[in-house]
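**Q** Enclosed is the structure file final_7.cif (mmCIF, C-alpha atoms).
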```
data_data
loop_
_atom_site.group_PDB
_atom_site.id
_atom_site.type_symbol
_atom_site.label_atom_id
_atom_site.label_comp_id
_atom_site.auth_asym_id
_atom_site.auth_seq_id
_atom_site.Cartn_x
_atom_site.Cartn_y
_atom_site.Cartn_z
ATOM 1 C CA MET A 1 -3.600 24.023 5.980
ATOM 2 C CA ASN A 2 -6.562 21.804 6.845
ATOM 3 C CA SER A 3 -6.142 18.082 7.358
ATOM 4 C CA ILE A 4 -5.882 16.075 4.148
ATOM 5 C CA THR A 5 -5.701 12.327 3.622
ATOM 6 C CA VAL A 6 -3.892 10.981 0.558
ATOM 7 C CA GLY A 7 -4.289 7.293 -0.231
ATOM 8 C CA ILE A 8 -1.323 5.662 -1.961
ATOM 9 C CA THR A 9 -1.444 2.305 -3.689
ATOM 10 C CA GLY A 10 0.036 0.403 -6.607
ATOM 11 C CA PRO A 11 1.551 -2.955 -7.594
ATOM 12 C CA SER A 12 4.671 -4.541 -6.087
ATOM 13 C CA GLY A 13 7.935 -2.920 -7.107
ATOM 14 C CA ALA A 14 6.358 0.290 -8.407
ATOM 15 C CA GLY A 15 7.971 2.420 -5.693
ATOM 16 C CA LYS A 16 5.203 3.127 -3.159
ATOM 17 C CA THR A 17 7.662 3.128 -0.250
ATOM 18 C CA THR A 18 9.930 5.675 -1.939
ATOM 19 C CA VAL A 19 6.949 7.932 -2.637
ATOM 20 C CA THR A 20 5.595 7.525 0.886
ATOM 21 C CA ASP A 21 8.981 8.385 2.390
ATOM 22 C CA PHE A 22 9.084 11.559 0.298
ATOM 23 C CA PHE A 23 5.708 12.661 1.638
ATOM 24 C CA LYS A 24 6.842 11.808 5.170
ATOM 25 C CA ASN A 25 9.908 14.021 4.749
ATOM 26 C CA HIS A 26 7.565 16.849 3.705
ATOM 27 C CA GLY A 27 5.442 16.812 6.840
ATOM 28 C CA PHE A 28 2.903 14.072 6.183
ATOM 29 C CA LYS A 29 2.071 11.469 8.822
ATOM 30 C CA VAL A 30 2.152 7.920 7.476
ATOM 31 C CA ILE A 31 -0.269 5.084 8.147
ATOM 32 C CA ASP A 32 1.350 1.953 6.701
ATOM 33 C CA ALA A 33 -1.062 -0.962 6.208
ATOM 34 C CA ASP A 34 1.769 -3.478 5.782
ATOM 35 C CA LEU A 35 3.372 -2.378 9.055
ATOM 36 C CA ILE A 36 0.033 -2.659 10.848
ATOM 37 C CA ALA A 37 -0.408 -6.134 9.349
ATOM 38 C CA LYS A 38 3.008 -7.249 10.632
ATOM 39 C CA LYS A 39 2.176 -6.022 14.138
ATOM 40 C CA ASN A 40 -1.114 -7.911 14.070
ATOM 41 C CA LEU A 41 0.590 -11.079 12.855
ATOM 42 C CA LYS A 42 2.974 -10.858 15.786
ATOM 43 C CA ASN A 43 0.640 -9.785 18.574
ATOM 44 C CA LYS A 44 -2.883 -11.005 17.793
ATOM 45 C CA ALA A 45 -3.256 -14.576 19.047
ATOM 46 C CA CYS A 46 -6.627 -14.949 17.326
ATOM 47 C CA ILE A 47 -5.108 -14.086 13.932
ATOM 48 C CA ILE A 48 -2.195 -16.480 14.430
ATOM 49 C CA LYS A 49 -4.647 -19.244 15.303
ATOM 50 C CA GLU A 50 -6.844 -18.625 12.250
ATOM 51 C CA LEU A 51 -3.877 -18.385 9.867
ATOM 52 C CA SER A 52 -2.278 -21.594 11.121
ATOM 53 C CA LYS A 53 -5.658 -23.307 10.774
ATOM 54 C CA ALA A 54 -6.026 -22.067 7.191
ATOM 55 C CA PHE A 55 -2.440 -22.492 5.956
ATOM 56 C CA GLY A 56 -0.959 -25.120 8.282
ATOM 57 C CA ASN A 57 1.428 -25.118 11.221
ATOM 58 C CA ASN A 58 4.411 -24.918 8.863
ATOM 59 C CA ILE A 59 3.953 -21.134 8.832
ATOM 60 C CA LEU A 60 4.785 -21.040 12.570
ATOM 61 C CA SER A 61 8.146 -20.839 14.292
ATOM 62 C CA SER A 62 9.120 -23.034 17.241
ATOM 63 C CA GLU A 63 7.784 -20.218 19.448
ATOM 64 C CA CYS A 64 4.405 -20.444 17.669
ATOM 65 C CA GLU A 65 4.881 -17.097 15.925
ATOM 66 C CA ILE A 66 4.107 -16.408 12.271
ATOM 67 C CA VAL A 67 7.144 -16.671 9.991
ATOM 68 C CA PRO A 68 6.361 -14.006 7.337
ATOM 69 C CA ASN A 69 8.306 -15.608 4.485
ATOM 70 C CA LYS A 70 6.673 -18.977 5.053
ATOM 71 C CA LEU A 71 3.223 -17.426 5.215
ATOM 72 C CA ALA A 72 3.852 -15.385 2.078
ATOM 73 C CA SER A 73 5.055 -18.384 0.068
ATOM 74 C CA ILE A 74 1.726 -20.130 0.698
ATOM 75 C CA ALA A 75 -0.695 -17.205 0.960
ATOM 76 C CA PHE A 76 0.454 -15.618 -2.310
ATOM 77 C CA SER A 77 0.504 -18.877 -4.240
ATOM 78 C CA SER A 78 -3.011 -18.469 -5.649
ATOM 79 C CA HIS A 79 -5.914 -16.057 -5.850
ATOM 80 C CA ASP A 80 -7.992 -18.197 -3.482
ATOM 81 C CA ALA A 81 -5.183 -18.270 -0.906
ATOM 82 C CA VAL A 82 -4.916 -14.484 -1.033
ATOM 83 C CA LEU A 83 -8.663 -14.173 -0.476
ATOM 84 C CA THR A 84 -8.370 -16.420 2.580
ATOM 85 C CA LEU A 85 -5.491 -14.369 3.965
ATOM 86 C CA ASN A 86 -7.386 -11.124 3.437
ATOM 87 C CA LYS A 87 -10.577 -12.466 5.009
ATOM 88 C CA ILE A 88 -8.684 -13.317 8.189
ATOM 89 C CA THR A 89 -6.453 -10.260 8.504
ATOM 90 C CA HIS A 90 -8.318 -7.331 6.936
ATOM 91 C CA PRO A 91 -10.930 -6.661 9.645
ATOM 92 C CA PHE A 92 -8.175 -6.078 12.209
ATOM 93 C CA ILE A 93 -5.995 -4.041 9.860
ATOM 94 C CA ILE A 94 -8.853 -1.818 8.690
ATOM 95 C CA ASN A 95 -9.938 -1.167 12.259
ATOM 96 C CA GLU A 96 -6.425 -0.059 13.251
ATOM 97 C CA ILE A 97 -6.131 2.158 10.175
ATOM 98 C CA LYS A 98 -9.413 3.896 10.970
ATOM 99 C CA LYS A 99 -8.359 4.533 14.571
ATOM 100 C CA GLU A 100 -4.989 6.008 13.552
ATOM 101 C CA LEU A 101 -6.552 8.137 10.842
ATOM 102 C CA GLU A 102 -9.201 9.533 13.172
ATOM 103 C CA SER A 103 -6.520 10.541 15.656
ATOM 104 C CA TYR A 104 -4.423 12.318 13.028
ATOM 105 C CA LYS A 105 -7.413 14.122 11.525
ATOM 106 C CA LYS A 106 -8.429 15.444 14.936
ATOM 107 C CA ASP A 107 -4.990 17.041 15.154
ATOM 108 C CA GLY A 108 -5.353 18.558 11.672
ATOM 109 C CA GLU A 109 -2.492 16.510 10.221
ATOM 110 C CA LYS A 110 -1.668 15.799 6.602
ATOM 111 C CA VAL A 111 -1.823 12.020 6.257
ATOM 112 C CA ILE A 112 -0.541 9.415 3.831
ATOM 113 C CA LEU A 113 -2.543 6.191 3.839
ATOM 114 C CA ASP A 114 -0.242 3.560 2.308
ATOM 115 C CA VAL A 115 -2.473 0.592 1.439
ATOM 116 C CA PRO A 116 -1.676 -1.987 -1.275
ATOM 117 C CA LEU A 117 -5.393 -2.899 -1.554
ATOM 118 C CA LEU A 118 -6.723 0.625 -1.180
ATOM 119 C CA PHE A 119 -9.665 0.268 -3.569
ATOM 120 C CA GLU A 120 -10.403 -3.398 -2.848
ATOM 121 C CA THR A 121 -10.880 -2.644 0.865
ATOM 122 C CA LYS A 122 -12.861 0.551 0.157
ATOM 123 C CA LEU A 123 -10.379 2.518 2.256
ATOM 124 C CA ASN A 124 -10.180 4.958 -0.647
ATOM 125 C CA LEU A 125 -13.494 6.297 0.668
ATOM 126 C CA LEU A 126 -11.608 7.674 3.676
ATOM 127 C CA CYS A 127 -9.248 9.652 1.417
ATOM 128 C CA ASP A 128 -9.499 13.128 -0.052
ATOM 129 C CA VAL A 129 -7.226 12.172 -2.946
ATOM 130 C CA THR A 130 -5.906 8.830 -4.209
ATOM 131 C CA LEU A 131 -2.515 8.365 -5.845
ATOM 132 C CA CYS A 132 -1.357 5.234 -7.632
ATOM 133 C CA VAL A 133 2.316 4.519 -8.310
ATOM 134 C CA ILE A 134 2.918 2.323 -11.349
ATOM 135 C CA ALA A 135 6.006 1.294 -13.309
ATOM 136 C CA ASP A 136 7.011 -0.932 -16.206
ATOM 137 C CA LYS A 137 6.836 -4.609 -15.289
ATOM 138 C CA LYS A 138 10.494 -5.300 -16.116
ATOM 139 C CA LEU A 139 11.597 -2.505 -13.823
ATOM 140 C CA ARG A 140 9.266 -3.675 -11.067
ATOM 141 C CA LEU A 141 10.663 -7.193 -11.392
ATOM 142 C CA LYS A 142 14.215 -5.936 -11.078
ATOM 143 C CA ARG A 143 13.327 -3.945 -7.970
ATOM 144 C CA ILE A 144 11.589 -6.703 -6.042
ATOM 145 C CA LEU A 145 14.196 -9.333 -6.929
ATOM 146 C CA SER A 146 16.775 -7.054 -5.350
ATOM 147 C CA ARG A 147 14.568 -5.988 -2.427
ATOM 148 C CA ASP A 148 12.838 -9.202 -1.356
ATOM 149 C CA ASN A 149 15.483 -11.832 -2.108
ATOM 150 C CA ILE A 150 13.039 -14.039 -4.022
ATOM 151 C CA ASN A 151 13.348 -15.854 -7.344
ATOM 152 C CA VAL A 152 11.790 -14.817 -10.640
ATOM 153 C CA GLU A 153 9.065 -17.465 -10.434
ATOM 154 C CA SER A 154 7.893 -16.219 -7.043
ATOM 155 C CA ALA A 155 7.953 -12.609 -8.227
ATOM 156 C CA LEU A 156 5.911 -13.372 -11.348
ATOM 157 C CA ARG A 157 3.435 -15.352 -9.264
ATOM 158 C CA ARG A 158 2.995 -12.288 -7.073
ATOM 159 C CA PHE A 159 2.421 -10.145 -10.173
ATOM 160 C CA SER A 160 -0.202 -12.573 -11.481
ATOM 161 C CA ILE A 161 -2.507 -12.057 -8.500
ATOM 162 C CA GLN A 162 -2.278 -8.270 -8.575
ATOM 163 C CA PRO A 163 -4.416 -5.959 -10.731
ATOM 164 C CA GLU A 164 -3.149 -4.649 -14.044
ATOM 165 C CA ASP A 165 -2.334 -0.954 -14.438
ATOM 166 C CA ASN A 166 -5.726 -0.201 -15.995
ATOM 167 C CA PHE A 167 -7.423 -1.144 -12.725
ATOM 168 C CA TYR A 168 -5.606 1.699 -10.997
ATOM 169 C CA LYS A 169 -5.906 4.152 -13.881
ATOM 170 C CA LYS A 170 -9.692 3.862 -13.839
ATOM 171 C CA GLN A 171 -9.972 4.578 -10.113
ATOM 172 C CA ALA A 172 -7.079 6.719 -8.858
ATOM 173 C CA ASP A 173 -7.148 10.513 -8.920
ATOM 174 C CA ILE A 174 -3.435 10.703 -9.705
ATOM 175 C CA ILE A 175 -1.334 8.218 -11.668
ATOM 176 C CA LEU A 176 2.391 8.528 -11.019
ATOM 177 C CA GLU A 177 4.593 6.615 -13.470
ATOM 178 C CA ASN A 178 7.824 5.807 -11.679
ATOM 179 C CA ASN A 179 10.009 4.731 -14.605
ATOM 180 C CA ARG A 180 12.617 7.475 -14.588
ATOM 181 C CA ASP A 181 15.377 8.599 -12.256
ATOM 182 C CA GLU A 182 15.122 9.877 -8.694
ATOM 183 C CA LYS A 183 15.561 13.507 -9.734
ATOM 184 C CA TYR A 184 12.506 13.348 -11.999
ATOM 185 C CA LEU A 185 10.463 11.516 -9.360
ATOM 186 C CA ASN A 186 11.311 14.089 -6.693
ATOM 187 C CA ALA A 187 10.408 16.988 -8.978
ATOM 188 C CA THR A 188 7.064 15.385 -9.820
ATOM 189 C CA LEU A 189 6.311 14.739 -6.151
ATOM 190 C CA CYS A 190 7.137 18.344 -5.278
ATOM 191 C CA GLU A 191 4.588 19.453 -7.880
ATOM 192 C CA ILE A 192 1.971 17.068 -6.479
ATOM 193 C CA ILE A 193 2.535 18.220 -2.900
ATOM 194 C CA SER A 194 2.361 21.847 -3.983
ATOM 195 C CA LYS A 195 -1.036 21.294 -5.564
ATOM 196 C CA LEU A 196 -2.273 19.257 -2.600
ATOM 197 C CA THR A 197 -1.377 21.996 -0.160
ATOM 198 C CA GLU A 198 -3.081 24.830 -2.027
ATOM 199 C CA PRO A 199 -5.829 26.600 0.009
ATOM 200 C CA TYR A 200 -8.479 24.429 -1.664
ATOM 201 C CA ASN A 201 -7.648 20.874 -2.487
ATOM 202 C CA GLY A 202 -9.988 18.147 -3.592
ATOM 203 C CA LYS A 203 -10.821 15.718 -6.312
ATOM 204 C CA LYS A 204 -12.829 18.181 -8.389
ATOM 205 C CA ASN A 205 -9.873 20.393 -9.241
ATOM 206 C CA PHE A 206 -7.062 17.899 -8.801
ATOM 207 C CA LYS A 207 -7.967 14.743 -10.700
ATOM 208 C CA ASN A 208 -5.698 14.130 -13.689
ATOM 209 C CA ASN A 209 -4.043 17.504 -13.167
ATOM 210 C CA ILE A 210 -0.505 16.108 -12.884
#
```
Go ahead and express the file in the form of structure tokens.

**A**
Amino acid sequence: MNSITVGITGPSGAGKTTVTDFFKNHGFKVIDADLIAKKNLKNKACIIKELSKAFGNNILSSECEIVPNKLASIAFSSHDAVLTLNKITHPFIINEIKKELESYKKDGEKVILDVPLLFETKLNLLCDVTLCVIADKKLRLKRILSRDNINVESALRRFSIQPEDNFYKKQADIILENNRDEKYLNATLCEIISKLTEPYNGKKNFKNNI
């Protein structure tokens, strides 16, 4: 089939990683914005300098490297702090994403673009189809408490600076509610992939068709 780019997004704890891994196991190449961000935080001296200037030297290790947990505790403490973090890091992340995507598309690959702020960064414009993974807030809370080893207060603070489900429902081509078991999720993803890989795929005949 021809190259296709599927943008995946959604709030914390909804299950984006599980969905992305499923696509990966079915032949899709993955561009992970969070992974690119971590590489930039580790390797880009200019980013480290700007972040320490904005959030203080307490976010640095003794080797003058960013300590992710320390950065997160400050950067996700308020909406303004998140905006500052994004202003510093996004230009580098977006540039890397565009370079990777261009390379994959030249090779005719099927690509998953896993970006938490897909619509906010306008990276959805690079996608043929957008998919949002959502889930009930109580279930999301349970998942991230187990996954990230943080307390309830920190998790709820993270929720408070993320969009509500309606934000995604108004913009995404596909809404995937990940509230049931793995068997149901896998069956739904198989159906989505089947439709995506039909001879003609696109928003006109795919939107809200799952």

**Q** Carefully work through the PyMOL selection byres ((chain A and resi 35) around 12) for this structure and note down the residues it includes, as number ranges by chain.

**A** A: 17, 30-34, 36-42, 93, 96-97, 113-116

**Q** What residues come out when you apply the PyMOL selection byres ((chain A and resi 128-135) around 9) to this file, written as a PyMOL selection string?

**A** chain A and resi 4-16+19+118+124-127+136-140+165+168-169+171-179+196+201-203+206-207

**Q** Distance CA of Leu85 in chain A-CA of Leu71 in chain A, one decimal place?

**A**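 CA of Leu71 in chain A lies 9.3 Å from CA of Leu85 in chain A.
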
**Q** I'd like to know which of A:Ile47, A:Ala75, A:Ile66, A:Ile144 is closest to His90 in chain A, using only C-alpha atoms.

**A**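 Nearest to His90 in chain A: A:Ile47.
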
**Q** When the PyMOL selection byres ((chain A and resi 23) around 10) is applied to the file above, which residues end up in the set, as an mmCIF file with C-alpha atoms, keeping the file's coordinate frame?

**A**
```cif
data_model
loop_
_atom_site.group_PDB
_atom_site.id
_atom_site.type_symbol
_atom_site.label_atom_id
_atom_site.label_comp_id
_atom_site.auth_asym_id
_atom_site.auth_seq_id
_atom_site.Cartn_x
_atom_site.Cartn_y
_atom_site.Cartn_z
ATOM 1 C CA VAL A 6 -3.892 10.981 0.558
ATOM 2 C CA THR A 17 7.662 3.128 -0.250
ATOM 3 C CA THR A 18 9.930 5.675 -1.939
ATOM 4 C CA VAL A 19 6.949 7.932 -2.637
ATOM 5 C CA THR A 20 5.595 7.525 0.886
ATOM 6 C CA ASP A 21 8.981 8.385 2.390
ATOM 7 C CA PHE A 22 9.084 11.559 0.298
ATOM 8 C CA LYS A 24 6.842 11.808 5.170
ATOM 9 C CA ASN A 25 9.908 14.021 4.749
ATOM 10 C CA HIS A 26 7.565 16.849 3.705
ATOM 11 C CA GLY A 27 5.442 16.812 6.840
ATOM 12 C CA PHE A 28 2.903 14.072 6.183
ATOM 13 C CA LYS A 29 2.071 11.469 8.822
ATOM 14 C CA VAL A 30 2.152 7.920 7.476
ATOM 15 C CA LYS A 110 -1.668 15.799 6.602
ATOM 16 C CA VAL A 111 -1.823 12.020 6.257
ATOM 17 C CA ILE A 112 -0.541 9.415 3.831
ATOM 18 C CA LEU A 189 6.311 14.739 -6.151
ATOM 19 C CA CYS A 190 7.137 18.344 -5.278
ATOM 20 C CA ILE A 192 1.971 17.068 -6.479
ATOM 21 C CA ILE A 193 2.535 18.220 -2.900
#
```

**Q** With all atoms listed in the file as the atoms that count, which of A:Asn58, A:Ala72, A:Cys64, A:Glu102 lies nearest to Lys44 in chain A?

**A**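 Between A:Asn58, A:Ala72, A:Cys64, A:Glu102, the residue approaching Lys44 in chain A most closely is A:Cys64.
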
**Q** Smallest atom-to-atom distance to Asp80 in chain A: which of A:Ser194, A:Leu145, A:Glu182, A:Phe55, using all atoms listed in the file?

**A**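 Using all atoms listed in the file, Asp80 in chain A sits closest to A:Phe55.
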
**Q** Find, counting all atoms listed in the file, the residue in A:Thr188, A:Phe159, A:Leu51, A:Ala45 that gets nearest to Thr89 in chain A.

**A**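 Of all the options, A:Leu51 lies closest to Thr89 in chain A.
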
**Q** Mind pulling up the distance from CA of Cys46 in chain A to CA of Ala81 in chain A?

**A**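 Going from CA of Ala81 in chain A over to CA of Cys46 in chain A, I get 18.6 Å.
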